[in-house]
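Text of final.txt, listed as compact mmCIF, C-alpha atoms and all ligand atoms:
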# COMPACT_ATOMS: atom_id res chain seq x y z
CA MET Z 2 12.46 42.35 87.05
CA LYS Z 3 14.08 44.63 84.47
CA ILE Z 4 17.12 43.07 82.78
CA ALA Z 5 19.54 44.49 80.20
CA ILE Z 6 21.80 42.32 78.06
CA VAL Z 7 24.67 44.16 76.42
CA GLY Z 8 25.70 42.50 73.15
CA MET Z 9 23.76 39.91 71.18
CA GLY Z 10 26.54 37.50 70.22
CA ALA Z 11 26.73 33.87 71.31
CA SER Z 12 26.32 34.52 75.02
CA GLY Z 13 23.94 37.52 74.90
CA ALA Z 14 21.59 35.87 72.39
CA SER Z 15 21.55 32.54 74.22
CA LEU Z 16 20.96 34.20 77.60
CA ALA Z 17 18.08 36.27 76.17
CA SER Z 18 16.61 33.11 74.69
CA PHE Z 19 16.77 31.18 78.01
CA LEU Z 20 15.42 34.12 80.04
CA SER Z 21 12.47 34.43 77.65
CA ALA Z 22 10.96 31.33 79.24
CA LYS Z 23 9.79 33.59 82.12
CA GLU Z 24 7.06 36.00 81.16
CA GLU Z 25 7.53 38.40 84.10
CA LEU Z 26 11.03 39.44 83.03
CA GLU Z 27 11.34 42.70 81.15
CA ILE Z 28 14.32 42.22 78.82
CA SER Z 29 16.20 44.82 76.76
CA ILE Z 30 19.12 43.86 74.51
CA PHE Z 31 21.63 46.50 73.44
CA GLU Z 32 23.37 45.50 70.20
CA PRO Z 33 24.63 48.14 67.75
CA ALA Z 34 25.56 45.76 64.91
CA LEU Z 35 22.73 45.22 62.42
CA SER Z 36 24.44 42.13 61.05
CA ARG Z 37 27.48 40.16 62.10
CA LYS Z 38 30.28 38.55 60.14
CA ASN Z 39 29.17 35.03 59.38
CA HIS Z 40 31.26 32.07 60.50
CA LEU Z 41 30.88 28.63 62.03
CA TRP Z 42 30.74 27.82 65.72
CA GLY Z 43 31.88 24.28 66.52
CA PHE Z 44 31.01 22.39 69.71
CA TRP Z 45 30.57 18.87 71.05
CA ASP Z 46 26.88 18.12 71.33
CA ASP Z 47 26.46 15.85 74.35
CA GLY Z 48 22.67 16.21 74.27
CA SER Z 49 22.61 18.96 76.90
CA PRO Z 50 19.43 21.12 76.91
CA ALA Z 51 21.78 24.15 76.81
CA PHE Z 52 22.44 23.33 73.13
CA GLU Z 53 18.76 23.18 72.09
CA ALA Z 54 18.81 26.38 69.98
CA ALA Z 55 22.12 25.35 68.38
CA ARG Z 56 20.80 21.87 67.64
CA HIS Z 57 17.88 23.38 65.71
CA CYS Z 58 20.21 25.07 63.25
CA ARG Z 59 23.09 22.58 63.21
CA GLN Z 60 24.69 22.52 59.79
CA HIS Z 61 26.59 19.24 60.05
CA SER Z 62 28.12 16.91 62.63
CA TRP Z 63 30.97 14.39 62.69
CA ASP Z 64 31.46 11.24 64.77
CA SER Z 65 35.20 11.03 64.12
CA LEU Z 66 37.97 13.55 64.59
CA ALA Z 67 41.43 13.34 63.06
CA PHE Z 68 44.77 14.85 64.09
CA VAL Z 69 47.52 14.70 61.46
CA HIS Z 70 51.21 15.55 61.40
CA GLY Z 71 53.09 14.37 58.31
CA GLU Z 72 52.79 10.57 58.20
CA GLN Z 73 51.23 10.40 61.67
CA ARG Z 74 47.45 10.23 61.85
CA ARG Z 75 45.46 9.87 65.08
CA GLN Z 76 41.73 9.47 65.30
CA VAL Z 77 39.30 9.88 68.16
CA ASP Z 78 35.68 8.71 67.82
CA VAL Z 79 33.03 10.84 69.50
CA PRO Z 80 29.66 9.25 68.57
CA GLN Z 81 28.21 10.08 72.02
CA SER Z 82 29.03 13.82 71.58
CA PRO Z 83 29.39 14.47 67.84
CA TYR Z 84 31.41 17.50 66.81
CA SER Z 85 28.73 19.84 65.45
CA VAL Z 86 28.77 23.21 63.71
CA VAL Z 87 26.26 26.02 63.43
CA ASN Z 88 26.35 29.11 61.31
CA SER Z 89 26.69 32.15 63.60
CA ARG Z 90 23.86 34.08 61.91
CA ASP Z 91 21.52 31.06 61.96
CA PHE Z 92 22.21 30.59 65.65
CA ILE Z 93 21.46 34.22 66.56
CA GLN Z 94 18.25 34.03 64.50
CA SER Z 95 17.31 30.77 66.20
CA CYS Z 96 17.70 32.49 69.61
CA GLU Z 97 15.76 35.54 68.39
CA LYS Z 98 12.80 33.31 67.54
CA ASN Z 99 12.53 32.38 71.24
CA LEU Z 100 12.30 36.00 72.39
CA ARG Z 101 9.00 37.34 73.67
CA ASP Z 102 7.30 40.14 71.71
CA SER Z 103 7.93 42.41 74.70
CA THR Z 104 11.74 42.01 74.42
CA LYS Z 105 13.33 45.22 73.18
CA ILE Z 106 16.32 45.02 70.83
CA ILE Z 107 17.95 48.43 71.03
CA ARG Z 108 20.35 49.15 68.17
CA GLU Z 109 22.65 51.37 70.21
CA SER Z 110 26.21 51.05 71.42
CA VAL Z 111 26.68 51.04 75.18
CA ILE Z 112 29.29 53.57 76.23
CA SER Z 113 29.25 53.03 79.98
CA LEU Z 114 27.76 50.93 82.76
CA SER Z 115 27.54 51.95 86.39
CA GLU Z 116 25.64 50.79 89.43
CA ASN Z 117 24.33 52.02 92.77
CA PRO Z 118 22.49 50.05 95.49
CA ARG Z 119 19.14 50.62 93.74
CA GLU Z 120 19.93 49.99 90.06
CA ALA Z 121 22.44 49.45 87.28
CA ILE Z 122 22.60 52.21 84.69
CA VAL Z 123 23.18 51.61 81.00
CA LYS Z 124 24.33 54.62 79.05
CA THR Z 125 24.37 55.01 75.27
CA ARG Z 126 24.70 58.24 73.27
CA GLU Z 127 20.92 58.34 72.97
CA ARG Z 128 19.72 57.25 76.44
CA GLU Z 129 20.44 56.50 80.07
CA GLU Z 130 18.28 53.80 81.62
CA GLY Z 131 18.16 51.96 84.95
CA PHE Z 132 17.85 48.16 85.30
CA ASP Z 133 17.74 45.66 88.16
CA LEU Z 134 20.41 43.53 86.47
CA VAL Z 135 22.79 44.01 83.55
CA PHE Z 136 24.64 41.22 81.73
CA ASP Z 137 27.62 42.58 79.82
CA SER Z 138 29.08 40.58 76.90
CA ARG Z 139 31.08 43.34 75.22
CA PRO Z 140 34.42 41.95 74.00
CA PRO Z 141 37.07 42.13 76.73
CA MET Z 142 40.41 43.92 76.43
CA PHE Z 143 43.52 41.76 76.28
CA PRO Z 144 47.14 42.52 77.17
CA THR Z 145 49.25 43.41 74.13
CA ASN Z 146 51.29 40.55 72.72
CA THR Z 147 48.61 38.02 73.73
CA LEU Z 148 48.90 34.88 71.62
CA GLN Z 149 46.08 34.77 69.06
CA GLN Z 150 44.44 32.04 67.08
CA HIS Z 151 44.11 33.64 63.64
CA PHE Z 152 42.66 31.98 60.60
CA LEU Z 153 41.10 32.21 57.19
CA GLY Z 154 38.85 29.49 55.82
CA ARG Z 155 37.45 28.77 52.37
CA TRP Z 156 34.42 26.70 51.50
CA VAL Z 157 35.46 24.72 48.42
CA GLU Z 158 33.79 22.39 45.95
CA MET Z 159 36.12 19.74 44.50
CA PRO Z 160 35.63 18.36 40.98
CA SER Z 161 35.64 14.75 42.26
CA PRO Z 162 34.82 13.04 45.59
CA VAL Z 163 37.88 13.27 47.85
CA PHE Z 164 36.61 14.04 51.37
CA ASP Z 165 35.24 11.80 54.10
CA PRO Z 166 32.12 13.60 55.43
CA GLU Z 167 32.17 11.40 58.57
CA THR Z 168 35.52 12.77 59.78
CA ALA Z 169 36.48 16.32 60.74
CA THR Z 170 40.21 17.02 60.77
CA LEU Z 171 40.74 19.32 63.73
CA MET Z 172 44.47 19.79 63.16
CA ASP Z 173 46.61 18.80 60.18
CA PHE Z 174 49.91 20.36 61.23
CA ARG Z 175 51.89 22.18 58.54
CA PRO Z 176 54.56 24.13 60.47
CA ARG Z 177 56.20 26.97 58.56
CA PRO Z 178 59.43 28.80 59.46
CA GLU Z 179 57.44 32.05 59.87
CA GLU Z 180 54.48 30.32 61.63
CA PRO Z 181 55.76 27.25 63.48
CA PHE Z 182 52.34 26.43 65.00
CA HIS Z 183 50.25 26.30 61.84
CA PHE Z 184 47.64 23.74 60.90
CA ILE Z 185 44.83 23.10 58.44
CA TYR Z 186 41.31 22.51 59.84
CA VAL Z 187 39.05 20.52 57.50
CA LEU Z 188 35.27 20.24 57.86
CA PRO Z 189 33.85 18.15 54.98
CA ILE Z 190 30.06 18.29 54.65
CA SER Z 191 29.99 16.01 51.59
CA ARG Z 192 32.45 14.00 49.50
CA THR Z 193 33.18 17.11 47.42
CA ARG Z 194 32.46 20.10 49.70
CA ALA Z 195 34.44 21.24 52.74
CA LEU Z 196 35.56 24.20 54.77
CA ILE Z 197 39.37 24.31 54.66
CA GLU Z 198 40.89 26.68 57.19
CA SER Z 199 44.50 27.76 57.60
CA THR Z 200 45.08 28.48 61.31
CA CYS Z 201 48.07 29.87 63.23
CA TYR Z 202 48.80 30.52 66.88
CA SER Z 203 51.02 33.59 67.15
CA PRO Z 204 50.75 37.20 68.38
CA ALA Z 205 50.16 38.84 64.96
CA THR Z 206 47.85 38.08 62.04
CA ARG Z 207 49.10 37.65 58.44
CA GLU Z 208 47.88 39.23 55.24
CA GLU Z 209 44.95 37.27 53.78
CA ASN Z 210 46.87 35.86 50.82
CA TRP Z 211 49.23 34.08 53.19
CA TYR Z 212 46.39 31.83 54.47
CA ARG Z 213 44.96 31.45 50.96
CA ARG Z 214 48.31 30.12 49.71
CA ARG Z 215 48.38 27.54 52.54
CA ILE Z 216 44.86 26.41 51.64
CA HIS Z 217 45.81 26.19 47.97
CA ASP Z 218 48.92 24.10 48.80
CA TYR Z 219 46.75 21.77 50.87
CA LEU Z 220 44.13 21.37 48.15
CA GLN Z 221 46.75 20.65 45.51
CA GLU Z 222 47.35 17.37 47.32
CA TRP Z 223 43.74 16.39 46.61
CA GLY Z 224 43.73 17.17 42.89
CA GLU Z 225 43.49 20.03 40.44
CA GLY Z 226 40.67 22.50 39.93
CA TYR Z 227 38.41 23.47 42.79
CA GLU Z 228 35.74 26.12 43.10
CA ILE Z 229 35.79 28.62 45.96
CA LEU Z 230 32.30 29.18 47.34
CA GLU Z 231 32.75 31.40 50.40
CA GLU Z 232 35.38 32.68 52.75
CA GLU Z 233 35.45 33.35 56.49
CA SER Z 234 38.18 34.60 58.76
CA GLY Z 235 38.77 35.65 62.33
CA GLN Z 236 41.08 35.99 65.26
CA ILE Z 237 40.65 34.88 68.84
CA PRO Z 238 42.93 36.27 71.57
CA LEU Z 239 43.94 33.19 73.56
CA HIS Z 240 43.45 34.55 77.04
CA SER Z 241 41.23 33.07 79.71
CA GLY Z 242 41.37 35.98 82.16
CA SER Z 243 38.06 37.08 83.64
CA SER Z 244 36.87 40.56 84.54
CA SER Z 245 35.45 41.66 87.88
CA GLN Z 246 31.75 41.38 88.69
CA GLY Z 247 29.57 43.99 90.39
CA GLU Z 248 26.40 43.38 92.42
CA ARG Z 249 24.08 44.27 89.55
CA ILE Z 250 26.44 44.25 86.55
CA LYS Z 251 27.67 40.81 85.59
CA SER Z 252 30.12 39.93 82.82
CA ILE Z 253 29.16 36.99 80.63
CA GLY Z 254 30.69 35.14 77.66
CA LEU Z 255 34.31 35.79 76.68
CA ARG Z 256 34.26 38.82 78.98
CA SER Z 257 33.75 36.50 81.95
CA GLY Z 258 36.57 34.17 80.87
CA THR Z 259 34.65 31.40 79.06
CA LEU Z 260 37.39 30.87 76.47
CA ARG Z 261 39.35 27.61 76.58
CA ALA Z 262 42.62 29.39 76.02
CA SER Z 263 44.64 26.59 74.41
CA SER Z 264 42.02 25.72 71.80
CA GLY Z 265 39.97 28.90 71.21
CA TYR Z 266 36.67 27.17 72.05
CA ALA Z 267 34.02 29.11 73.98
CA PHE Z 268 30.71 28.48 72.22
CA ALA Z 269 29.56 25.48 74.29
CA GLN Z 270 30.85 27.13 77.47
CA ASN Z 271 28.84 30.29 76.67
CA LEU Z 272 25.62 28.33 76.17
CA ILE Z 273 26.06 26.28 79.34
CA GLN Z 274 26.83 29.46 81.28
CA SER Z 275 23.72 31.21 79.88
CA GLN Z 276 21.49 28.32 80.84
CA LYS Z 277 22.86 28.22 84.40
CA ILE Z 278 22.47 32.00 84.79
CA ALA Z 279 18.83 31.80 83.64
CA GLU Z 280 18.15 29.06 86.22
CA GLN Z 281 19.59 31.28 88.97
CA VAL Z 282 17.46 34.24 87.84
CA PHE Z 283 14.33 32.05 87.83
CA ASP Z 284 15.16 30.72 91.31
CA SER Z 285 15.80 34.31 92.58
CA VAL Z 286 19.07 33.25 94.19
CA ASP Z 287 22.15 35.47 94.56
CA LEU Z 288 23.77 35.46 91.14
CA CYS Z 289 27.08 33.69 90.83
CA ILE Z 290 28.44 33.56 87.26
CA PRO Z 291 29.52 29.95 86.77
CA ASP Z 292 33.07 29.15 85.68
CA SER Z 293 33.33 27.69 82.21
CA CYS Z 294 35.81 25.01 83.16
CA LEU Z 295 37.59 23.56 86.17
CA PRO Z 296 40.61 25.42 87.65
CA MET Z 297 42.84 22.45 86.77
CA GLU Z 298 41.65 22.55 83.14
CA LYS Z 299 42.37 26.28 83.04
CA TRP Z 300 45.86 25.65 84.37
CA MET Z 301 46.44 22.89 81.80
CA ASP Z 302 45.37 25.29 79.02
CA GLU Z 303 47.87 27.86 80.28
CA VAL Z 304 50.69 25.31 80.34
CA MET Z 305 49.88 24.25 76.77
CA LEU Z 306 49.80 27.88 75.62
CA ARG Z 307 53.21 28.47 77.18
CA LEU Z 308 54.56 25.43 75.34
CA ILE Z 309 53.08 26.66 72.03
CA ARG Z 310 54.73 30.02 72.51
CA GLN Z 311 58.12 28.73 73.66
CA ARG Z 312 58.52 25.38 71.88
CA PRO Z 313 55.99 25.08 69.06
CA GLN Z 314 57.49 21.88 67.65
CA GLN Z 315 57.11 20.13 71.01
CA ALA Z 316 53.62 21.61 71.39
CA ILE Z 317 52.66 19.88 68.11
CA GLU Z 318 53.95 16.58 69.52
CA ALA Z 319 51.92 17.19 72.68
CA MET Z 320 48.75 17.94 70.68
CA MET Z 321 49.30 14.77 68.63
CA ALA Z 322 49.53 12.78 71.89
CA VAL Z 323 46.09 13.92 73.12
CA PRO Z 324 43.98 11.45 71.05
CA GLY Z 325 46.16 8.57 72.28
CA ALA Z 326 45.79 9.65 75.92
CA LEU Z 327 41.99 10.03 75.96
CA ASP Z 328 39.04 8.12 74.55
CA GLY Z 329 36.23 9.99 72.77
CA LEU Z 330 34.08 10.57 75.85
CA ASP Z 331 37.00 11.79 77.99
CA PHE Z 332 38.19 14.01 75.15
CA THR Z 333 34.82 15.76 74.69
CA GLU Z 334 34.32 16.18 78.44
CA PHE Z 335 37.74 17.81 78.71
CA MET Z 336 37.04 20.11 75.74
CA THR Z 337 33.65 21.11 77.18
CA GLY Z 338 35.14 21.88 80.60
CA HIS Z 339 33.81 19.15 82.87
CA SER Z 340 36.41 16.40 82.77
CA LYS Z 341 36.77 13.81 85.52
CA ALA Z 342 39.92 13.82 87.70
CA ARG Z 343 40.87 10.48 86.14
CA THR Z 344 40.69 12.03 82.65
CA ARG Z 345 42.93 14.93 83.61
CA TRP Z 346 45.52 12.58 85.06
CA SER Z 347 45.37 10.33 81.96
CA LEU Z 348 46.01 13.40 79.85
CA ILE Z 349 48.92 14.60 81.98
CA TRP Z 350 50.34 11.08 81.97
CA GLY Z 351 49.90 10.69 78.19
CA LEU Z 352 51.65 13.93 77.17
CA PRO Z 353 55.41 14.22 76.59
CA LYS Z 354 56.80 14.72 80.11
CA ALA Z 355 59.94 16.88 79.76
CA PRO Z 356 58.46 19.74 77.67
CA MET Z 357 55.22 19.81 79.68
CA ILE Z 358 57.10 19.95 83.00
CA SER Z 359 59.38 22.76 81.82
CA ALA Z 360 56.35 24.68 80.46
CA ALA Z 361 54.50 24.11 83.75
CA LEU Z 362 57.48 25.44 85.71
CA GLY Z 363 57.86 28.39 83.35
CA TRP Z 364 61.38 27.38 82.20
CA GLN Z 365 62.40 28.88 78.86
C1 LIG A 401 35.64 33.94 63.78
C2 LIG A 401 35.48 33.20 65.09
C3 LIG A 401 35.21 31.84 65.08
C4 LIG A 401 35.03 31.15 66.28
N1 LIG A 401 34.76 29.82 66.24
C5 LIG A 401 34.54 29.16 67.38
C6 LIG A 401 34.17 27.78 67.34
O1 LIG A 401 34.11 27.16 66.28
N2 LIG A 401 33.89 27.16 68.52
C7 LIG A 401 33.98 27.81 69.71
O2 LIG A 401 33.71 27.19 70.74
N3 LIG A 401 34.36 29.10 69.77
C8 LIG A 401 34.63 29.79 68.64
N4 LIG A 401 34.98 31.12 68.71
C9 LIG A 401 35.19 31.74 70.04
C10 LIG A 401 33.89 32.21 70.74
O3 LIG A 401 32.95 31.16 70.81
C11 LIG A 401 33.27 33.38 70.01
O4 LIG A 401 34.17 34.47 70.04
C12 LIG A 401 31.91 33.84 70.59
O5 LIG A 401 31.31 34.68 69.66
C13 LIG A 401 32.04 34.55 71.92
O6 LIG A 401 30.76 34.89 72.37
P1 LIG A 401 30.48 36.22 73.20
O7 LIG A 401 29.01 36.35 73.33
O8 LIG A 401 31.33 36.26 74.41
O9 LIG A 401 31.03 37.41 72.26
P2 LIG A 401 30.47 37.87 70.86
O10 LIG A 401 29.80 36.74 70.17
O11 LIG A 401 31.62 38.52 70.17
O12 LIG A 401 29.37 38.95 71.22
C14 LIG A 401 29.68 40.23 71.72
C15 LIG A 401 28.62 41.18 71.17
O13 LIG A 401 28.78 42.45 71.80
C16 LIG A 401 28.47 43.45 70.84
N5 LIG A 401 29.06 44.70 71.28
C17 LIG A 401 30.35 45.11 71.16
N6 LIG A 401 30.48 46.34 71.68
C18 LIG A 401 29.26 46.71 72.14
C19 LIG A 401 28.77 47.89 72.78
N7 LIG A 401 29.57 48.91 73.07
N8 LIG A 401 27.47 47.93 73.11
C20 LIG A 401 26.64 46.88 72.86
N9 LIG A 401 27.06 45.75 72.25
C21 LIG A 401 28.35 45.68 71.90
C22 LIG A 401 29.09 42.90 69.55
O14 LIG A 401 28.53 43.52 68.40
C23 LIG A 401 28.75 41.42 69.66
O15 LIG A 401 27.54 41.10 69.02
C24 LIG A 401 35.16 31.84 67.53
C25 LIG A 401 35.46 33.20 67.52
C26 LIG A 401 35.62 33.87 66.32
C27 LIG A 401 35.96 35.34 66.35
Would it be possible to restate this file's structure as structure tokens?
Amino acid sequence: MKIAIVGMGASGASLASFLSAKEELEISIFEPALSRKNHLWGFWDDGSPAFEAARHCRQHSWDSLAFVHGEQRRQVDVPQSPYSVVNSRDFIQSCEKNLRDSTKIIRESVISLSENPREAIVKTREREEGFDLVFDSRPPMFPTNTLQQHFLGRWVEMPSPVFDPETATLMDFRPRPEEPFHFIYVLPISRTRALIESTCYSPATREENWYRRRIHDYLQEWGEGYEILEEESGQIPLHSGSSSQGERIKSIGLRSGTLRASSGYAFAQNLIQSQKIAEQVFDSVDLCIPDSCLPMEKWMDEVMLRLIRQRPQQAIEAMMAVPGALDGLDFTEFMTGHSKARTRWSLIWGLPKAPMISAALGWQ
């Protein structure tokens, strides 16, 4: 079978890696970018075989997660599914190592895809080629004014030990008049070294110095004089919509709606999806691209997003209530998109009722 994968990001690279287990498959990957912007991908490692390639290049992991807002501090312990991070370039390289020698990596940009009953056709400026199946991971289009998670992070080295390398701070809320849903994300990999990220949820990004000032303000609380080692930045449109699927052309990754819209997580979902797709290809069954989370989880993400947009202060209170409502296992299952019904009800029950109900009903 002749298969094309369009895009070699998280989902394309992981799918190619899983499919490489079968010798008979003839795989071509279309990826125009010679290198990609480096950044971290965080996920909860529950031991699933889908995370094998990520586990090989894991940079660090944490058993405890903190949520902070002023004097309030909540902690959730996740020793059974530690929060783990991989470097995006290391991960792609780790997947590339699994590819067969026969796999073609074609450094061309796909300009169109079409299909007929016999084949799917991939067109670039240089070629037009037919395949039995095409998996398309090109970034999707989003409606204008979509809420975005936008951030800039700095790896810093402190002059003295101040961090706890066992605990990742997922959200330390620092609302600002101009960015009411703003928080600092802290990933310490030693007592002195950490990634400190200034993150906002709003429709438009800020100039880079805005985030740098927030990081500086945060670090001032830990002492004077730090060294900046590296910087990373990005933006994630918070939209979980999925695109349509053809018979032979299938969307994967963010394009297929793997993003958890209220948190910006998609990495674990992409890997799980890739593994399930590979199993279907091996079993020669009719392909059905698996959903990345349950419909109820998707709905809960949408309600939370609406609250963030309409009442950011109350959304912060709701986020701070999550660690109290769920234990570590329930929390990681919810974040990875396979929570139990009991967990979802505990979460609904544990969140502030009035704002969540008005957000659910779409009241302004
Ligand atoms: C900076 C950043 C940090 C993130 N951090 C996390 C995180 O910590 N945890 C988490 O769970 N999620 C995170 N996400 C969200 C999500 O996991 C990533 O966006 C992830 O990369 C999505 O995977 P993907 O394969 O769908 O898309 P991508 O990884 O973006 O891959 C798409 C690929 O398609 C290629 N492409 C584009 N156009 C064409 C074309 N015309 N022809 C051929 N190829 C093309 C691109 O070059 C790219 O390589 C982050 C996103 C960003 C942007």
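Atom pair CA of Pro80 (chain Z) / CA of Trp156 (chain Z) has a distance of 24.9 Å (rounded to one decimal).
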Find the residues around Trp45 (chain Z) up to 7 Å (only C-alpha atoms counted), leave out those fewer than 5 positions away in its own chain, and share them as a list in words.
->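 Near Trp45 (chain Z), the qualifying residues are Ser82, Pro83, Tyr84, Ser85 and Thr333 of chain Z.
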Would you output that residue set with C-alpha atoms, as a PDB file, in the frame of the given file?
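Produced file again.pdb, reproduced below:
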ATOM      1  CA  SER Z  82      29.030  13.820  71.580  1.00  0.00           C
ATOM      2  CA  PRO Z  83      29.390  14.470  67.840  1.00  0.00           C
ATOM      3  CA  TYR Z  84      31.410  17.500  66.810  1.00  0.00           C
ATOM      4  CA  SER Z  85      28.730  19.840  65.450  1.00  0.00           C
ATOM      5  CA  THR Z 333      34.820  15.760  74.690  1.00  0.00           C
TER       6      THR Z 333
END
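Counting from CA of Val69 (chain Z), the distance to CA of Phe182 (chain Z) is 13.2 Å.
The gap separating CA of Arg139 (chain Z) from atom C15 of ligand LIG 401 (chain A) is 5.2 Å, in Å to one decimal.
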Between Z:Pro291, Z:Gly254, Z:Pro141, Z:Pro296, which one has atoms that come closest to ligand LIG 401 (chain A), using all atoms listed in the file?
->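 Ranked by minimum distance to ligand LIG 401 (chain A), first place goes to Z:Gly254.
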Top pick for closest residue to Arg307 (chain Z), considering Z:Ala342, Z:Leu16, Z:Val135, Z:Ala360 and counting all atoms listed in the file = Z:Ala360
Just give me the residues with any atom within 12 Å of (40.5, 9.5, 73.9), file coordinates, counting all atoms listed in the file, written as number ranges by chain.
-> Z: 65-68, 75-79, 321-336, 340, 344-345, 347-348, 351
Identify the residues within 9 Å of coordinate (43.1, 35.4, 63.4) (same frame as the file), considering all atoms listed in the file, and give the answer as a PyMOL selection string.
-> chain Z and resi 149-153+200-203+205-207+234-238
Expected answer as a compact mmCIF listing (two decimals) with C-alpha atoms, in the frame of the given file: residues within 8 Å of ligand LIG 401 (chain A), all atoms listed in the file:
# COMPACT_ATOMS: atom_id res chain seq x y z
CA VAL Z 7 24.67 44.16 76.42
CA GLY Z 8 25.70 42.50 73.15
CA MET Z 9 23.76 39.91 71.18
CA GLY Z 10 26.54 37.50 70.22
CA ALA Z 11 26.73 33.87 71.31
CA SER Z 12 26.32 34.52 75.02
CA GLY Z 13 23.94 37.52 74.90
CA ALA Z 14 21.59 35.87 72.39
CA PHE Z 31 21.63 46.50 73.44
CA GLU Z 32 23.37 45.50 70.20
CA PRO Z 33 24.63 48.14 67.75
CA ALA Z 34 25.56 45.76 64.91
CA ARG Z 37 27.48 40.16 62.10
CA LYS Z 38 30.28 38.55 60.14
CA ASN Z 39 29.17 35.03 59.38
CA HIS Z 40 31.26 32.07 60.50
CA LEU Z 41 30.88 28.63 62.03
CA TRP Z 42 30.74 27.82 65.72
CA GLY Z 43 31.88 24.28 66.52
CA PHE Z 44 31.01 22.39 69.71
CA VAL Z 86 28.77 23.21 63.71
CA GLU Z 109 22.65 51.37 70.21
CA SER Z 110 26.21 51.05 71.42
CA VAL Z 111 26.68 51.04 75.18
CA ILE Z 112 29.29 53.57 76.23
CA SER Z 138 29.08 40.58 76.90
CA ARG Z 139 31.08 43.34 75.22
CA PRO Z 140 34.42 41.95 74.00
CA PHE Z 152 42.66 31.98 60.60
CA GLU Z 233 35.45 33.35 56.49
CA SER Z 234 38.18 34.60 58.76
CA GLY Z 235 38.77 35.65 62.33
CA GLN Z 236 41.08 35.99 65.26
CA ILE Z 237 40.65 34.88 68.84
CA ILE Z 253 29.16 36.99 80.63
CA GLY Z 254 30.69 35.14 77.66
CA LEU Z 255 34.31 35.79 76.68
CA ARG Z 256 34.26 38.82 78.98
CA SER Z 257 33.75 36.50 81.95
CA THR Z 259 34.65 31.40 79.06
CA LEU Z 260 37.39 30.87 76.47
CA GLY Z 265 39.97 28.90 71.21
CA TYR Z 266 36.67 27.17 72.05
CA ALA Z 267 34.02 29.11 73.98
CA PHE Z 268 30.71 28.48 72.22
CA ALA Z 269 29.56 25.48 74.29
CA GLN Z 270 30.85 27.13 77.47
CA ASN Z 271 28.84 30.29 76.67
Pick from Z:Arg126, Z:Ser252, Z:His240, Z:Ile197, whichever lies nearest to Tyr219 (chain Z) using only C-alpha atoms = Z:Ile197
Contacts of Val123 (chain Z) within 6 Å, all atoms listed in the file, excl. fewer than 3 positions in-chain, as a PyMOL selection string | chain Z and resi 114+129-130
So which one's closest to Ser103 (chain Z), Z:Gln314, Z:Gln73, Z:Ser191, Z:Ser29? Using all atoms listed in the file, please.
->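 Answer, going by the shortest atom-to-atom distance: Z:Ser29.
Distances to Arg90 (chain Z) were evaluated for Z:Arg213, Z:Arg59, Z:Lys341, Z:Lys105 using only C-alpha atoms, and the minimum falls at Z:Arg59.
Restricting the calculation to only C-alpha atoms, the smallest distance between Glu158 (chain Z) and any of Z:Met142, Z:Val187, Z:Ile229, Z:Met301 is found for Z:Ile229.
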